[in-house]
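Engineer: Just dropping this structure here.
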Amino acid sequence: MERGDDEMTGRGHPAREWTSYWRSAEMPLEAMYARFLSHRYHRHSHETYSFGVTEQGAQTFTCRGAGHTSAAGMVMVFNPDEVHDGHAAHELGFTYRIVHIGQELITGVLTDVTQRPAGLPLFASPVLNSPALATRLRDLHTALLGGADPLERDELLSGTIAALVRLAARRPPEPPATLRAATAAYLAAKARELIDDCYTEPINADDLAAWTGSSRYAVYRAFRTTYGLAPSDYQRQLRLRAARRLLARGRRAARVASEVGFTDQAHLTRWFTRSYGVTPAQYRLARA
C-alpha cells in the first residue's frame, strides 16, 4: 500500500486544506480523506466506482446534467466513467472521505454473495441521504487508512459493497443462497482451524475460502452464525489473549505487538484498551 499527504497540508488546522491518500498494492482499491476550501475539481471521471461521504460542510457538483449538493452525513455515488466536477458550497469548505473501488471487485463480491454470476450495478442517484450507508463507508474508509488487517478489510469491503447495491442500486442483486445448519457448522469449524493455527499471520478472506472450499461470503456468514463473531474479530481476540499472556510474563508492549501480529505498539494499545479497559503497559506492571 502507499500513503501520501498533499504538500499544501496543515492537517488539523481549520483554515487550511489537506489531503491523505491510500492505495492498495494488491487490488483496485483506493481511498482519500480531504478538506477543501478553495480547491475546485475540473470535470473528470474515474474508471472505478466512487463512493464518498461528506463529514463537515457541504460540497456541490454537476453530474448527469444537473447540480447536486452533498451536506454533512450524505453519501455520493459515481458510476464508472461518470463525468463530474466539485467544489465547496460555501466559504467554510468541506471535509469528506471517498473510496474508489474497481469494477471487478464489485462484481466479485456480488457473485460471491449470491453464488451466481453478477453484472455491474447501476446507481441512479449521485447523492443519497442514508445514515446506514454513511456509517458503512466511514467504517471502511477508516479501516483502510488505519492499516486494517487483510481479514477485517475484506469483511468491511464486502459488507459495504453489498449494502450499497442492496439499498441504492437500480436493480439489487438476488438474495444470498441459504446454508444448511450442518454445512454452516462445518465451514465455521474449518475456518476456525486455520485462524487458530495462523492467527499471527495476515490471513484474508480468500485464504479462508480456499481452505474451506467455499465462497468468502458463505464462510463469513457461517462463522458469524456459529460463533457470534466475524472471523477478523476472532483472530484479533486470539492475538489479544496471546498478548495478555506475554505481558503477564513481563514482556514489553512493543515486542509483544510484533510477536502476536499487530501492526505496531499503537495498534495493540488501541485494541487492548478497547477490550480490557487498561493499556498493555498498565497490565504488564500490575501486581497482586
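Each chain of the C-alpha cells is named A, B, ... in the order shown, its residues numbered from 1; ligands are numbered from 1 in display order.
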Taking the chain letters and numbering used in this document, name the residues of region 5-200 of chain A that DSSP puts in helix (DSSP H, G or I), as an NGL selection string.
Structural biologist: :A and (103-114 or 131-145 or 150-168 or 181-198)
Engineer: Region 270-273 of chain A: which residues within 9 Å, counting only C-alpha atoms, same-chain residues fewer than 6 positions away excluded, as an NGL selection string?
Structural biologist: :A and (236 or 240 or 243-244 or 279-280)
Engineer: Could you give me, as a list in words, the residues within 12 Å of Asp197 (chain A), counting only C-alpha atoms and dropping anything in the same chain fewer than 6 positions from it?
Structural biologist: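 The residues that qualify are Lys190, Ala191, Ile203, Gln235, Leu238 and Arg239 of chain A.
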Engineer: Let's have the selection written as a compact mmCIF listing (two decimals), in the first residue's frame, with N, CA, C and O atoms.
Structural biologist:
# COMPACT_ATOMS: atom_id res chain seq x y z
N LYS A 190 -14.02 -25.33 10.18
CA LYS A 190 -12.87 -25.43 9.27
C LYS A 190 -12.11 -24.10 9.21
O LYS A 190 -10.88 -24.07 9.25
N ALA A 191 -12.86 -22.99 9.14
CA ALA A 191 -12.22 -21.67 9.11
C ALA A 191 -11.51 -21.39 10.42
O ALA A 191 -10.40 -20.84 10.45
N ILE A 203 -3.98 -13.27 7.47
CA ILE A 203 -4.95 -14.08 6.72
C ILE A 203 -5.96 -13.15 6.07
O ILE A 203 -6.36 -12.14 6.65
N GLN A 235 -9.88 -13.58 15.15
CA GLN A 235 -8.43 -13.52 15.00
C GLN A 235 -7.83 -12.48 15.95
O GLN A 235 -6.83 -12.74 16.62
N LEU A 238 -7.76 -13.76 19.53
CA LEU A 238 -6.64 -14.67 19.79
C LEU A 238 -5.34 -13.89 19.99
O LEU A 238 -4.53 -14.22 20.86
N ARG A 239 -5.15 -12.84 19.20
CA ARG A 239 -3.95 -12.02 19.34
C ARG A 239 -3.92 -11.31 20.69
O ARG A 239 -2.87 -11.23 21.33
Engineer: Nearest to Arg43 (chain A) among A:Asp139, A:Asp85, A:Asp196, A:Asp154, with distances taken over only C-alpha atoms: which residue is it?
Structural biologist: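 Between A:Asp139, A:Asp85, A:Asp196, A:Asp154, the residue approaching Arg43 (chain A) most closely is A:Asp85.
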Engineer: Give the strand (DSSP E or B) residues of region 85-243 of chain A, as DSSP finds them on the backbone, and put them as a list in words.
Structural biologist: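 Everything in region 85-243 of chain A that counts as strand (DSSP E or B) is Asp85, Gly86, His87, Ala88, Phe94, Thr95, Tyr96, Arg97, Ile98, Val99, His100, Ile101, Phe123, Val127, Leu128 and Ala169 of chain A.
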Engineer: Using only C-alpha atoms, find the one residue out of A:Ile106, A:Cys63, A:Leu29, A:Val83 that sits nearest to His141 (chain A).
Structural biologist: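 With only C-alpha atoms as the atom set, the closest residue is A:Leu29.
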Engineer: Just checking: using only C-alpha atoms, which residue out of A:Leu247, A:Ala72, A:Val127, A:Tyr234 ends up closest to Cys198 (chain A)?
Structural biologist: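 Counting only C-alpha atoms, the residue closest to Cys198 (chain A) is A:Tyr234.
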Engineer: Using CA of Ala184 (chain A) and CA of Asp233 (chain A) as the two end points, give the distance in Å to one decimal.
Structural biologist: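 Here the two named atoms are 18.0 Å from each other.
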Engineer: With a distance cut-off of 8 Å and only C-alpha atoms, select the neighbouring residues of Ala168 (chain A), excluding the residue or stretch itself and same-chain residues fewer than 2 positions from it, and output the selection as JSON, numbers by chain.
Structural biologist: {"A": [123, 124, 125, 164, 165, 166, 170, 172]}
Engineer: Which residues come within 9 Å of Thr225 (chain A), counting only C-alpha atoms, excluding same-chain residues fewer than 3 positions away, as a PyMOL selection string?
Structural biologist: chain A and resi 184-185+188+220-222+228-230
Engineer: Can you work out which one of A:Arg180, A:His84, A:His42, A:Arg249 has the shortest atom-to-atom distance to Ala218 (chain A), counting only C-alpha atoms?
Structural biologist: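 The answer is A:Arg180, which sits nearest to Ala218 (chain A).
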Engineer: Give me, please, the distance in Å between CA of Thr48 (chain A) and CA of Ala89 (chain A), quoted to one decimal.
Structural biologist: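 Spanning CA of Thr48 (chain A) to CA of Ala89 (chain A) is a straight-line distance of 25.2 Å.
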Engineer: Skip Arg138 (chain A) itself and residues of its chain fewer than 3 positions away, then list as a tab-separated table (two decimals) with C-alpha atoms, in the first residue's frame all residues within 12 Å of it, counting only C-alpha atoms.
Structural biologist:
chain	number	residue	atom	x	y	z
A	31	ALA	CA	-9.18	5.96	-0.60
A	32	MET	CA	-8.79	9.68	0.03
A	33	TYR	CA	-9.51	11.84	3.08
A	51	PHE	CA	-18.38	6.27	-3.04
A	52	GLY	CA	-17.93	9.27	-0.76
A	53	VAL	CA	-19.34	10.58	2.50
A	54	THR	CA	-19.27	14.27	3.44
A	55	GLU	CA	-18.23	14.73	7.07
A	73	GLY	CA	-23.78	12.96	6.58
A	74	MET	CA	-24.76	12.49	2.92
A	75	VAL	CA	-23.31	9.89	0.55
A	96	TYR	CA	-15.01	14.25	3.05
A	97	ARG	CA	-13.93	10.67	2.64
A	98	ILE	CA	-14.07	8.81	-0.68
A	99	VAL	CA	-13.32	5.24	-1.72
A	131	PRO	CA	-27.11	7.26	7.61
A	132	ALA	CA	-26.68	3.49	7.32
A	133	LEU	CA	-24.58	3.74	4.15
A	134	ALA	CA	-22.66	6.73	5.53
A	135	THR	CA	-21.68	4.66	8.56
A	141	HIS	CA	-12.53	4.19	4.90
A	142	THR	CA	-11.22	4.46	8.46
A	143	ALA	CA	-10.07	0.84	8.35
A	144	LEU	CA	-8.24	1.34	5.03
A	145	LEU	CA	-6.37	4.45	6.10
A	146	GLY	CA	-5.75	2.94	9.53
A	156	LEU	CA	-15.78	-4.43	5.60
A	157	LEU	CA	-15.33	-4.16	1.84
A	160	THR	CA	-20.15	-2.17	2.29
Engineer: Rank A:Asn204, A:Thr263, A:Ser214, A:Gln237 by their smallest atom-to-atom distance to Ser275 (chain A), using only C-alpha atoms, and report the top residue only.
Structural biologist: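 Among A:Asn204, A:Thr263, A:Ser214, A:Gln237, it is A:Gln237 that comes nearest to Ser275 (chain A).
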Engineer: Quick one: distance from CA of Pro150 (chain A) to CA of Asp206 (chain A) in Å, one decimal?
Structural biologist: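 Pair CA of Pro150 (chain A) / CA of Asp206 (chain A) returns 9.8 Å.
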Engineer: Set the distance at 10 Å and use only C-alpha atoms: which residues neighbour His90 (chain A) once local chain neighbours fewer than 5 positions away are removed? I'd like the list as an NGL selection string.
Structural biologist: :A and (37-38 or 57-60)
Engineer: Keeping only N, CA and C atoms, take the residues you just selected and write them out as a tab-separated table (two decimals), in the first residue's frame.
Structural biologist:
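Saved result, again-v5.tsv, follows:
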chain	number	residue	atom	x	y	z
A	37	LEU	N	-11.13	24.05	0.77
A	37	LEU	CA	-11.75	25.36	0.92
A	37	LEU	C	-11.95	26.01	-0.45
A	38	SER	N	-10.85	26.24	-1.16
A	38	SER	CA	-10.92	26.92	-2.45
A	38	SER	C	-10.69	25.98	-3.63
A	57	GLY	N	-19.34	20.47	6.56
A	57	GLY	CA	-19.60	21.43	5.50
A	57	GLY	C	-20.47	20.83	4.41
A	58	ALA	N	-20.30	21.36	3.20
A	58	ALA	CA	-21.09	20.88	2.06
A	58	ALA	C	-20.31	21.11	0.79
A	59	GLN	N	-20.50	20.20	-0.16
A	59	GLN	CA	-19.86	20.35	-1.46
A	59	GLN	C	-20.94	20.25	-2.54
A	60	THR	N	-20.72	21.00	-3.60
A	60	THR	CA	-21.66	20.99	-4.71
A	60	THR	C	-20.95	20.55	-5.98
